[in-house]
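First the structure, in the form of structure tokens, and then the observations on it.
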Amino acid sequence: MDDIDAMFSDMLQEMDLLTQSLGEEAESAPLPKPPTIPGPQEMNFSVGFTDFNASLHDLEDNDLDALMADLVADISATEEKFATEKDTLKGSAPVAPIPSQPPSNLSFPGSSSTLRQATSSNSIAATPPPPTSKPSKEELEEQIKADKIKLALEKLKEAKVKKLVVKVEIMDGSSKTLMVDERQTVRDVIDNLFEKTHCDCNVDWSVCETNPDLQTERGFEDHENLVEPLSTWTRDTENKVLFHEKKDKYEVFRNPQNFYMWKKDKKSLKDMKEKDKEQLLEENFCGASVIVPDLEGILYLKEDGKKSWKQRYFLLRASGLYYSPKGKTKASRDLVCLVQFDNVNVYYCKEYRIKYKAPTDHCFILKHSQIQKESQYIRYLCCDDEWTMTLWVTGIRIAKYGKQLYDNYKAAVRKAAGSATWASRSIQASSSASTPSPTPKARAANGHAPQPAVETKGSSNQTSFPPPPASMETLPPPPPDPMLPPPPPAPPSTNKVNQFPPPPQFPQSSFPPPPMDDLPPPPPPPPEDSELPPDFLPPPPPIFSSCGGEALPPPPPDPIASLPPPPALQNFASAGGAPPPPPPPPPPPAPAPAASKPAGSVRKVAPPPPKRTTPQLAAPSVG
Amino acid sequence: MAVWDLSVSVEELGPEAPPLKISVTSDLHIGGVILKTVEKSQIKQDWSDHALWWEQKQQWLLKPSWTLDKCGIHADARLCLTPQHKPLQLVMPSSIVLRMRVCFSSPVFRTIMGICKLLNIRRPEELSLLWPVEEKKKKKDKDVGEEVYDITCAPLPSTGTIPKLANGMPAFFAETPETEVVYKILAVSQPAPAPETIAKLYRTTNIMEKAHINSRWLDSSRSLLQQGVKENDKLILRFKYYTFHDIIPQADVVRLTQLYEQSRWAILLEEIECTEEEMMVFAALQYHIGKVSLTEQSVASCPAMEDLDSALQCLEVKMEGESSADDMLETMTAPELHDYLKIFRPKRLTLKGYKQYWFTFKDTTISYYKSKEESSKEPIQQMNLKGCEVAPDVSVAGQKFCIRLLIPGPEGMNEVYLRCEHEQQYSRWMAACRLASKGKTLADSSFSSEVQSIQSFLAMQKTTPRNNTAQTDESINTHSLVSPRYQKKYKPKQLTPRILEAYQNVAQLSLTDAIQKFLQIWQALPDFGLSYIVVRFKGCRKDEVLGIANNRLIRIDLSVGDVVKTWRYNTMRQWNVNWDIKQVAIEFDGNVNIAFSCVTANCKIVHEYIGGYIFMSTRCREQSDTLNEELFHKLTGGHEAL
């Protein structure tokens, strides 16, 4: 519970920061409006109910009341105010779930349960644009009123978004608590956890659920939603959510031959060429339909409601798991379907030799995710060895999820590659920095923060910058720009903020110490370059890129900014928004990792960009 | 130079007429021979399509500038002046028979290109021609009833030009209403055949018979006439190579339809085996495709209409986006169902019957109360149907309309039966349950179509299986959707609910989506894409079966039916055919050598299959749309290619 409290106090502080920065915010160019932006005034956050359903109902009523009160109060607001409000709100996005109540309200009943349910009506979705022309006052008011109603309805919808506070156990026995909303995929949650745990971000990391009653474990697939399966857990559940590496998660894509040519001797497949592996994947996953490994063989099946296990000859097909009944051939027409995969999931089991007198401990079960206890509707299967079990479980996953699995893998690889380059680059940067080097923790965070930047790679101006960090030292620093103000001191953070030299040079110039002195003065970013930082700057917040080409990164807030904001905060805030466009950037995280540096310097440098529009525009053409 | 007499028969003079004797010298070229023959025949007509055929050598003399000497023609040669294009009866994959003029003089590969161009089928290299199975005498009388669509009036396809489209079909078909009808028949899937028809058609029952089918493929590097095809013969057009490259639904209407028809017949005639569960999905998709193609028809084939459609959709979306606050308020209040229904929960040792309660259905949840008056109070029970299994338990004759629900809960699945009073009530509640099981609410746009499809399925049960003559979409015999094996195993009454169950998952698909889904499931079958040939491996004394697929060769033991060995093409170094001893030898990586002689088919067919698949695999890399005919010929031609 401690970490939740800590989390909320962090949130509170951050909200203060944001409110202060709001004034400056409002002046900057309008940001593209993300569909859901929380307004601090509507915040109503409740956690820790004993009865989930009841709490949901209560909460929604409360929210409704608050919402209606707001509406009545606001209805006379003028157009200008409405517009400004919109502008100011966008800055506050990351504060979304910050409770307006004091943190003391957020106590939890001391139960062993891992998750808590909460809803918050904290977002404004798709605020209609204010009318551009000025019609008569009545019309105007009418319009505003209509907009408000629409707004309120959107808020109502938003209020229905289910959120869970989930405690995730990490390998080392520690745990992290984070809020997950029902629109977040497991991939989002993993990314979130990467930032919190500073692990190596490889593709094997997965979020798993365990069920001690059934002694099962299942890794969630990256595209699944986390909230849905978790909300079917019973109230007094002992189930846990784990975050650890699972080698079998994507093994099929690393060594497809072991699955698709499983009949062959594994040793002979060991040295398969990468090219042949790729072709195997291409054949099986990229055609009109995904080809499921042609698994067949004897498995043990626990008979319905009995204690005995019977051997049967099983075959895996895209349409389901089949066995051939005694005395029949394995021709398709004679096969009996044990289960189809539409509604069931596959789970690894532990120690079934003791629990169910299974022939071996290598068992897996197929069940509806809702079923939490022993039941006749669960299919229990047992394999001779661990590899056979992996083979079947993976095969079933391919049959169930098809191409989605491959897409998940590719996304995970992209993520992992992105964070790997990042990690190496940030280490390079920090080691070469002459000024106080960031604390190890901050450095690690730098390594992970840019993951979202990988996502933005598709945007036009980023693609032109190849990431290789190796080539940096060789190129000359950009020429100092005479038009720029005197260089501020050059702590690493300044370094980051100022990296806007003409495009071709800037990846190189950022890291080696000598050019660094020159760095503060280089030409400020051309407006369209404002998207660039996430690609090469370690610390910017993940949502940074969402400001698109239209607006510059918001200025960092007051000195208090040195408090490191919890990384999770940004993330679940971003999750609170509607999926496609992430909410606008929270200003604080950018300077945050630079906590140890003089905060003043940070702020001096950041605000200028908006003022220097002309040189910015000139810069790229020169460079 | 010596002048000698050459006998040339002219087809136009009739078969009985004696051949014309024309006096020639050895340095006269073929063009001159034709000219002389035409003059002597004294027939005035367009001779441009005619060419000389050398009967004894079974070859065409297509190079007009070659002299008789160069061709090796002497006085004993019997030549025949005949048109290069002649009518042929072509059985399409949909088992429709077209009568059209095709080229008898060019290699079959090119002839097929011409056919496909006329019929607007892209990627002609995937198709080929084969001889039909010899029909038994007794079937002759039935043949009379078989309709042949004559499109011999079509212009001869000229290679190279892109067919002009009119009304979304090649210009030729748009010319007359009759030809337009023919195009529609090609582009729209055929209504389900009567179960008797399926049962009567020739079916392969074992792998040997399947292997025999593959002995009937024509040689793609020789002409039709060279292979003994005569005017008005019947040949079958089929997709031969099971790699369907680059399917674009808008451009491939005929191709997709014919592909679907071929796969459908493959399943109905058990050419490819599937499990019972898969058969039910295939049946459901056939039913759905049949139903949707009646309404959608060839609208999809017209690109202009497609644009209009998407424009309309855009507009719709826009309008939705601009919906007023009132509309949004309306959508906020979700629709509900309420009725008095009867519920029954089978539990151990309790034999209580159905009890009546007041039921409401909201979002994905059913709640029930003692009575309507108490519906404002706490419900007796609430059931969330998300993720549950829904099955019908219906007998129209017995006026029993029950819904069986298996609702997953922490302890297992809860079995619940809901009994409705009548059809209308049942179809509404059933539709709601189905949507809820998939996590959709009553507000979902598919609700009304779901209700309708349930009603039309109920209607299916009403009709007796005997009157299958009048097949509208409302009354279809479910027997015509499954293979004879399942026709025997189940009565239509038993079959309908099972198909209905599978139908739930496909009912919302559009026509092309449904066809593509059908093809996808077909392609995911374990035995998909295997062409069998009976062979005898070198050093073995018994016959075995070689299966040829798009990426591998497999060796099947005939006695057990098991796959003994798999070789993948990407490990193949080379393959050779010894045409004299009719043996195919293949070398794979790691010094693996195999050699076999072909028992059921000519080794040219095996050679062509392997070369053809290699050719198909080169297509993906090539960006250009033009067909590399030369490469195909090189890979498949054998000694003709040299």
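Ordering of the structure tokens sets the chain letters (A, B, ...); residue numbers start at 1 within each chain; ligands are numbered from 1 in the order shown.
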Please determine the contact residues of chain A with respect to chain B at a cut-off of 7 Å, counting only C-alpha atoms, and supply them as a VMD selection string.
chain A and resid 146 149 to 150 288 to 291 318 to 319 332 to 333 335 343 368 370 to 375 377
Please identify all polymer residues within 12 Å of Pro325 (chain A), counting only C-alpha atoms, omitting same-chain residues fewer than 5 positions from it, and present them as a ChimeraX atom specification.
/A:298,310-315,330-338
Using DSSP assignments from the backbone, pull out every residue in region 40-231 of chain B that falls under strand (DSSP E or B) and give it to me as a ChimeraX atom specification.
/B:50-54,59-61,67,78-83,85-91,97-103,107,127-130,148-150,165-166,169-170,217,223
Tell me which of B:Ser453, B:Tyr368, B:Lys493, B:Asp27 sits closest to Ser395 (chain B), counting only C-alpha atoms.
B:Lys493
Residue list (alpha helix (DSSP H), DSSP) for region 325-421 of chain B, as a list of chain:residue names:
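Listing alpha helix (DSSP H) positions across region 325-421 of chain B yields B:Ala325, B:Asp326, B:Asp327, B:Met328, B:Leu329, B:Glu330, B:Thr331, B:Met332.
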Give me a file of those residues, with N, CA, C and O atoms, as a PDB file, in the first residue's frame.
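Generated output (again17.pdb):
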ATOM      1  N   ALA B 325     -26.451  16.753 -30.041  1.00  0.00           N
ATOM      2  CA  ALA B 325     -26.414  16.266 -28.671  1.00  0.00           C
ATOM      3  C   ALA B 325     -27.622  15.384 -28.358  1.00  0.00           C
ATOM      4  O   ALA B 325     -27.524  14.430 -27.599  1.00  0.00           O
ATOM      5  N   ASP B 326     -28.742  15.716 -29.001  1.00  0.00           N
ATOM      6  CA  ASP B 326     -29.949  14.921 -28.752  1.00  0.00           C
ATOM      7  C   ASP B 326     -29.730  13.470 -29.171  1.00  0.00           C
ATOM      8  O   ASP B 326     -30.093  12.536 -28.458  1.00  0.00           O
ATOM      9  N   ASP B 327     -29.122  13.348 -30.346  1.00  0.00           N
ATOM     10  CA  ASP B 327     -28.866  11.996 -30.835  1.00  0.00           C
ATOM     11  C   ASP B 327     -28.005  11.238 -29.850  1.00  0.00           C
ATOM     12  O   ASP B 327     -28.225  10.065 -29.588  1.00  0.00           O
ATOM     13  N   MET B 328     -27.043  11.963 -29.338  1.00  0.00           N
ATOM     14  CA  MET B 328     -26.124  11.288 -28.444  1.00  0.00           C
ATOM     15  C   MET B 328     -26.828  10.868 -27.166  1.00  0.00           C
ATOM     16  O   MET B 328     -26.580   9.797 -26.638  1.00  0.00           O
ATOM     17  N   LEU B 329     -27.739  11.711 -26.737  1.00  0.00           N
ATOM     18  CA  LEU B 329     -28.514  11.354 -25.545  1.00  0.00           C
ATOM     19  C   LEU B 329     -29.268  10.065 -25.808  1.00  0.00           C
ATOM     20  O   LEU B 329     -29.372   9.197 -24.943  1.00  0.00           O
ATOM     21  N   GLU B 330     -29.799   9.998 -27.027  1.00  0.00           N
ATOM     22  CA  GLU B 330     -30.555   8.803 -27.361  1.00  0.00           C
ATOM     23  C   GLU B 330     -29.685   7.564 -27.308  1.00  0.00           C
ATOM     24  O   GLU B 330     -30.096   6.532 -26.797  1.00  0.00           O
ATOM     25  N   THR B 331     -28.498   7.707 -27.863  1.00  0.00           N
ATOM     26  CA  THR B 331     -27.652   6.520 -27.865  1.00  0.00           C
ATOM     27  C   THR B 331     -27.177   6.160 -26.462  1.00  0.00           C
ATOM     28  O   THR B 331     -26.801   5.032 -26.204  1.00  0.00           O
ATOM     29  N   MET B 332     -27.221   7.155 -25.593  1.00  0.00           N
ATOM     30  CA  MET B 332     -26.804   6.858 -24.229  1.00  0.00           C
ATOM     31  C   MET B 332     -27.793   5.935 -23.534  1.00  0.00           C
ATOM     32  O   MET B 332     -27.426   5.158 -22.678  1.00  0.00           O
TER      33      MET B 332
END
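Reported to one decimal place, the separation of CA of Lys234 (chain B) from CA of Leu90 (chain B) is 5.9 Å.
Here CA of Val203 (chain A) stands at a distance of 5.4 Å from CA of Ala412 (chain A).
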Would you kindly return, as number ranges by chain, each protein, DNA or RNA residue with an atom no farther than 10 Å from any atom of Tyr406 (chain A), considering only C-alpha atoms and excluding same-chain residues fewer than 6 positions away?
A: 250, 252-253, 281, 285-286, 290, 398, 412
Can you measure CA of Phe457 (chain B) to CA of Ala187 (chain B) for me? One decimal in Å is fine.
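Atom-to-atom, CA of Phe457 (chain B) and CA of Ala187 (chain B) are spaced 26.0 Å apart.
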